[in-house]
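Have a look at the structure below before the remarks.
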Protein chains: 2
Amino acid sequence: MPLPPSRRAASIADVARLAGVSAQTVSRVSNGGARVSADTRARVVEAMDRLGYMPNHAARALRSGAFRTIGLLAHRFERTGEAQTMSGVIDAARAEGYTVTVVDVTATEDPSGWEAAASRLTQQAVDGLIVIRAEHETPDSLTLPRGMPVVVSDSRLVGQYTAVVADQIEGTTDAVRHLLDLGHRAIHHISGPDDSEPALARADAWRQTLLAAGVAPPTAWTGDWSARSGYELGRRIAEQGEATAVFCANDETAFGLIRALHERGLRVPQDVSVVGFDDIGLAEYSSPPLTTVRQPFQRIGHELVRLVLARLAGGEAPARERVVVPCELIVRETTAPPRS
Amino acid sequence: MPLPPSRRAASIADVARLAGVSAQTVSRVSNGGARVSADTRARVVEAMDRLGYMPNHAARALRSGAFRTIGLLAHRFERTGEAQTMSGVIDAARAEGYTVTVVDVTATEDPSGWEAAASRLTQQAVDGLIVIRAEHETPDSLTLPRGMPVVVSDSRLVGQYTAVVADQIEGTTDAVRHLLDLGHRAIHHISGPDDSEPALARADAWRQTLLAAGVAPPTAWTGDWSARSGYELGRRIAEQGEATAVFCANDETAFGLIRALHERGLRVPQDVSVVGFDDIGLAEYSSPPLTTVRQPFQRIGHELVRLVLARLAGGEAPARERVVVPCELIVRETTAPPRS
DNA sequence: GTGAAAGCGCTAACAG
DNA sequence: CTGTTAGCGCTTTCAC
């Protein structure tokens, strides 16, 4: 049951009538306004003001076939990464005169939720789509409309679509080398979940870096990005008592780990060094301040938008690009040389 | 320069042609489909599938005068409160078949940014508007279109518009009483910025609660919600050495405070008790776990949507409502009786 | 420099 | 149960 077309705003026709010109002329004034005499323009502008004219977007979109809107598919954006990337996207979109429409899939944990969200979005008025973290998605379970520009970040869809990703490998390598340089050899890892592409990339880079240094990597502890998993695994790590340093897949996990360590009477960094990943706002204010790898979320958001718009303008789909933006190791106070 | 109407999707006319029926019939099938014979419907559905028909939203909106979209005005939604409220909004909107379009004003710190954002939004295709935290805004600096339903949360606009707010007073009172019950008398407060309505409400409730208990409230320390301000003020509080407990206006601030306290060799909660506000995800995993007041952000988001849609459906603006949702004190381990 | 006409895709209203 | 007609507000021709 569609809502009644309540309180209609003034239309071009109304303005035209009041100004005593054709609708055509009003339209011309409304868009840049080339080829209109100063006098006519003045009358039109005056009429617009009086009537409080606002162009009707639906009509514009219907006519031009473009909505000037980008769809954003994400989940759990109360998390730093998602939230900041989104912030970057919205920011960049605005700069280009585009609006962002968000669809969350948090509530629906079952995989079909994603598909539903995607199709809902395609039914929505969007010109292009940005997908952030579609972790539970396999490339073909996500049916997107043919021809719609799609750009993804940090997900299993990388490879399928044009993507923007942080340089996980570089970031991880820097972090692990930092620990190695400090003299650590028993460098453990709390990973993200197995079905996450970036989690896998980080775990892999951690392993490779140790191997390259001639250190046998221990088995990684599998977490799920949450502080809770960091805490639980942290208790087991403390119990096992083998690690002198732990590289965590993200900062939340590191926070949980640190709490577990503290509860067991282990000091950070004197007894155990800890490194996180992301550099969330609070990282600098944990006690002690967390050494971590900063991801350029804002920048990723900007790139994402740049690429969708490029696709939109280009018409033709350029080969699947893959933009890699660098990470940065931020050394704070949770890392120190091992004891003895 | 409008983009070319690229890759047109199948329209109702196309489907009608293929199915050998009128456009009208297709439309009927497309919407619920009452009064269509099973046979005809089957043919239409078949044709829709073959053509991959998707209704054109712009046309629908133009026709019906409604976009089924809610605009969301916010800033800094990498913060927990904003992010979670937004999540609740999107969630509830989806349940009602509405889409959410977001406008951020983070980048533009100057007050005019808000107005620009609002007007941009009203030019957008939205049926109603939800404003989250318009702290820098005064009631009349925000010009919104007449007749558009607006619902606000936690801002100075409360009073001007229909609003949904957390019960700051109850939450604060519970927190301060908890400290009082523990035996504290020197209960300090790190507030939010002066231009924030909820910050003021919390500071005031803190003062009133102390007064009611016959305790003279010290001067509040004015923070700005950030962990950094908690840290800096925390150093001064530690230096002054007077407080046995600190009630922080939010959790970030509490994190900063705790770090400052630790750096000065003060233990939490043995030397100083700390209470936060919000219950962000990490609160449970600070070391030690943070006692705090949980705000029902998701719920606020839901209420916000409920109210906008009610306004939308009602047509007439019901008197400015004001929905208050309760907070909850979560006692963890940063609070304990003061030392002798 | 200005106006007239036509149509984007959809649906409400009215036949039949 | 189905088809025809008309028009939402805008902009792209094409005339003048």
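Lettering and numbering for the structure tokens are positional, with chains as A, B, ... in the shown order, residues counted from 1 in each chain, and ligands counted from 1 in the shown order.
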- Task: Return as a list in words the residues belonging to chain C that are within 7 Å of chain A, counting only C-alpha atoms (C1' of nucleotides).
- Result: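 That gives DG1, DG3 and DC8 of chain C for chain C.
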Write a file of the selected residues as a PDB file, in the first residue's frame, keeping C-alpha atoms (C1' of nucleotides).
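And here's part.pdb as it stands now:
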```pdb
ATOM      1  C1'  DG C   1      17.239  32.905 -25.921  1.00  0.00           C
ATOM      2  C1'  DG C   3       8.904  27.114 -26.027  1.00  0.00           C
ATOM      3  C1'  DC C   8      11.454   7.502 -18.952  1.00  0.00           C
TER       4       DC C   8
END
```
Would you give me, as CSV, each residue of chain D having an atom within 8 Å of an atom of chain A, along with its shortest atom pair and that distance in Å to one decimal, using only C-alpha atoms (C1' of nucleotides) and sorting by chain and residue number?
```
residue,atom,partner,partner_atom,distance
D:DG9,C1',A:Ala59,CA,5.1
D:DC10,C1',A:Ala59,CA,5.3
D:DT11,C1',A:Arg63,CA,6.8
```
- Message: What's the separation between atom CA of A:Ala260 and atom CA of B:Arg236, in Å to one decimal place?
- Response: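 Atom CA of A:Ala260 sits 29.3 Å away from atom CA of B:Arg236.
Using only C-alpha atoms for every distance, the candidate list B:Thr101, B:Gln208, B:Thr253, B:Ser287 yields B:Ser287 as the residue closest to A:Gly265.
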